[in-house]
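Remarks on the structure that follows.
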Amino acid sequence: MTKVLIKIFVVISALALPLSSFGAEAGKLRYAATIYFDSKGVGLRLPEGVACGEGPSFVVADTGNGRLLRYSFQDGVPKGGDELKIDQISYPLRLQLSSKGEIFALDGKQRRIVRLNPEGAFMGYIDPVGMPPAAASFVPRSFKLDSTDNIYILDIFSERVLVLDPTGKYVRQVDFPEKYGFFSDLAVDSKGTIFLVDSVDAVVYAAPKDAKGFSLLSQKLDEYVNFPSSITVDGRGTIYLADQNGSGVVVLGTDGSFLGRSLVFGWKDGLLRYPSQLCTNEKGEFFVADRQNNRVQIFTVIK
Amino acid sequence: MKLRYKLFLFFYIVGSLFIVSRAHAAEENKFKLKQGAKGKVCVTCHVTFEEKLKSPFLHTPVKAGDCTGCHNPHTSNHGKMLAADAVKVCYRCHKSMVPENARSTHKVVVEGNCVKCHDPHGANNRFNLLKAGNELCFGCHTSMGETITKVKFKHSPVEKGCISCHNPHASGKTDFLLNDSVPSLCLKCHKTNTPSFAKQHMNYPVGKALCTSCHNPHGSDRGGILFNNVHRPVANKMCNQCHEEPTSATPFATKKPGYELCRGCHSSMINDAFSKKRIHWPLMSQRGCLSCHNPHASAENKLIKGGMIKVCGKCHGDTIARQERSETKHPPIIEGNCTACHVAHSSDNAFLLNQTSVIEICGSCHDWQKHSTHPIGDKVIDPRNKNLTVQCLTCHRSHGTENKYFIYTPVITELCTQCHAKYKR
């Protein structure tokens with residue numbers, strides 16, 4: 001009798017496990033820390049960008065103050081905040097870190113991507129080399145690096161994603177879908193799939209590696225999100241969207257299905273007001289540029 | 001033998017029909033209804049309805065004396081003892097009014113408000129319409145009616161009736177309930193192969209273009225029923241200032257893409273926009289200026305594609321919807337005056353605000369705000385967030401909330417005690 005009961009218990013537990021593991025809790029965020037100031041006690045102002053890597057270092061675009069700040073995050077404690085003041089950057093919007101520690105920043109005023117060495121010294125602009133002459137004009141709205149430092153530029157002028165090698169040489173382009181609202185951001189996963197977030201239509205498009213075009217990945221998400229403006233993908237393929245006007249983070253599965261929504265509007269730690277860039281890493285750390293709260297918040301992903 | 005067979009067959013058929021009809025009669029009157037119970041009996045009580053029955057146009061069931069076609073004579077869960085929900089009762093017979101996958105639908109039809117246009121019993125007008133011709137449409141579309149009456153140059157089909165171009169129920173083909181898409185609809189009356197037509201259009205093959213890009217189909221104060229605001233190159237008939245020559249293989253192609261084309265004339269405006277820290281990104285897109293402006297003509301100033309609620313709301317629908325849900329309305333938004341606070345092209349401030357200080361922006365209308373007894377300003381730290389100062393948006397959300405005065409919480413004390421925590425109960 002006891003054996004039968006144990007078997008029943010094991011079967012029920014096995015059936016229940018996937019529900020609790022991958023259901024409502026998927027991608028939930030737990031508050032860890034907040035950054036309000038630089039190392040000299042000067043407050044952040046409207047930070048829009050944040051870039052993280054697999055090391056402890058992360059960089060913040062202190063947009064309103066026209067500068068970059070470098071911090072580290074170890075054992076749940078953020079430290080540092082040294083200023084990287086670069087003449088070529090007056091309004092940094094989006095940031096990325098390369099595998100070598102180089103810093104890439106999209107400047108909102110110049111609408112150009114700036115490359116800095118790991119020490120924060122200016123190395124040059126990312127001006128694609130070897131572009132097809134018929135479509136040489138481009139305007140970067142956002143950009144991302146993949147794990148091998150290839151550069152993906154969201155070009156809203158010529159309606160495409162430009163793929164460049166780490167030196168900035170043109171490799172290929174993937175044209176935007178025929179009909180769309182407005183693309184605000186892109187992401188690239190570990191398999192090379194490119195994701196686009198359409199802020200107006202509240203949908204996500206995807207183009208697998210080497211695909212010639214994008215196809216719709218998600219259903220219309222307007223029930224769950226107001227104005228998604230930033231997208232990032234973690235190592236497991238889970239997609240995170242920053243809901244700028246709805247002040248939250250929406251989590252999608254690898255197939256674009258809605259998994260849940262985290263965080264809400266507010267001023268206190270752990271709450272968001274008009275979030276901008278998101279960044280996550282293999283350690284499950286999750287950084288949010290909490291723009292209208294003048295801060296960057298760090299969360300951990302509950303797995 | 002043959003005759004006997006034929007007679008047998010005749011009596012067999014007649015007999016069968018007689019039996020069947022008797023059976024049906026018995027079935028029909030299984031409730032032993034009085035003569036005229038489905039309608040004529042009703043009028044014995046509803047005597048005033050006799051007058052309605054004299055209307056020149058009667059609804060078919062009314063004419064047939066079949067009140068029970070729409071009403072339940074005994075009980076009903078619906079108003080006027082209708083046999084079904086008012087939204088559904090008409091559709092029981094008139095299913096085909098809205099085609100499947102309709103491109104556009106008349107709101108009243110979808111909502112089942114058929115009685116806004118039709119009298120369900122009888123009327124003096126065809127199709128039991130409450131009023132004849134355009135008068136009916138202008139009952140709701142008041143401003144359109146006023147405009148059409150006032151305009152100097154009228155479009156003759158409009159005079160004849162809105163239904164010359166529009167289907168009052170739905171359109172399976174195109175937007176705006178049009179009977180056909182533009183230009184096909186226009187070409188039913190206008191011939192494009194005449195020399196005068198070609199001359200008027202600078203020999204561009206506009207027979208394939210969107211006529212409503214320049215012409216106001218409802219009439220205008222400008223000759224050729226052009227929209228009241230015309231882009232100068234169009235007014236000067238200089239299409240080739242922006243487009244390739246009419247003899248080209250792609251005559252409608254523009255000479256440059258996006259904002260680069262407009263920059264040729266509007267360089268100072270575009271240069272000024274580009275000098276700011278934050279650009280309105282659609283300006284930099286493939287459509288560029290045409291994201292918000294019409295290149296040829298518009299009913300709106302500055303060739304904007306429509307009212308700001310419509311144009312801005314096309315992308316920022318969530319923000320407009322928030323104001324619609326808001327218990328307290330913010331006048332600049334209701335009036336479609338987004339530029340009261342925002343700059344459309346670019347700004348040095350977040351949200352493309354026209355001033356750095358939110359207090360100054362709000363103060364430009366709410367003068368009393370500067371004298372508020374609550375401390376606000378750069379020296380007053382928000383207790384909830386040590387890197388924020390107290391300003392108008394600390395308590396109010398400018399595009400509205402579900403609460404009065406755009407405050408963030410349903411109960412005012414809930415908001416106050418977020419900062420004044422010691423008073424929290």
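By order in the structure tokens, chains are A, B, ...; within a chain, residues start at 1; ligands start at 1, following the order shown.
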
| field | Spatial neighbours of B:Pro383, 9 Å, only C-alpha atoms, chain gap at least 6 places, as a count of residues only | value | 5

| task | Can you pull out every residue within 6 Å of stretch 97-105 of chain A, counting only C-alpha atoms, but drop anything in the same chain fewer than 6 positions away, and send it as a list of chain:residue names? | result |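 Listed by chain and then number, they are A:Ala51, A:Ile113, A:Val114, A:Arg115, A:Leu116, A:Asn117, A:Pro118, A:Asp149.
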
| field | strand (DSSP E) call set, DSSP backbone run, stretch 144-302 of chain A, as a PyMOL selection string | value | chain A and resi 144-145+151-155+160-164+170-175+183-188+194-198+203-207+215-216+228-233+239-243+248-252+258-262+275-280+285-290+295-301

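You can rank B:Lys404, B:Lys80, B:Arg322, B:His155 by their closest distance to chain A using only C-alpha atoms, and at the top of that list sits B:Arg322.
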
| said: Given only C-alpha atoms as the basis, pick out the residue of B:Ile279, B:Ala102, B:Met308, B:Ile381 nearest to B:His345. | reply: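 Counting only C-alpha atoms, the residue closest to B:His345 is B:Ile279.
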
| said: I need the contact residues of chain B against chain A, so if you could list those with any atom within 6 Å, counting only C-alpha atoms, and return them as a PyMOL selection string, that would help. | reply: chain B and resi 277+284-286+315+318+384-385

| request: Could you tell me, as a count of residues only, which residues of stretch 149-374 of chain B DSSP assigns to alpha helix (DSSP H) when given the backbone? | output: 60
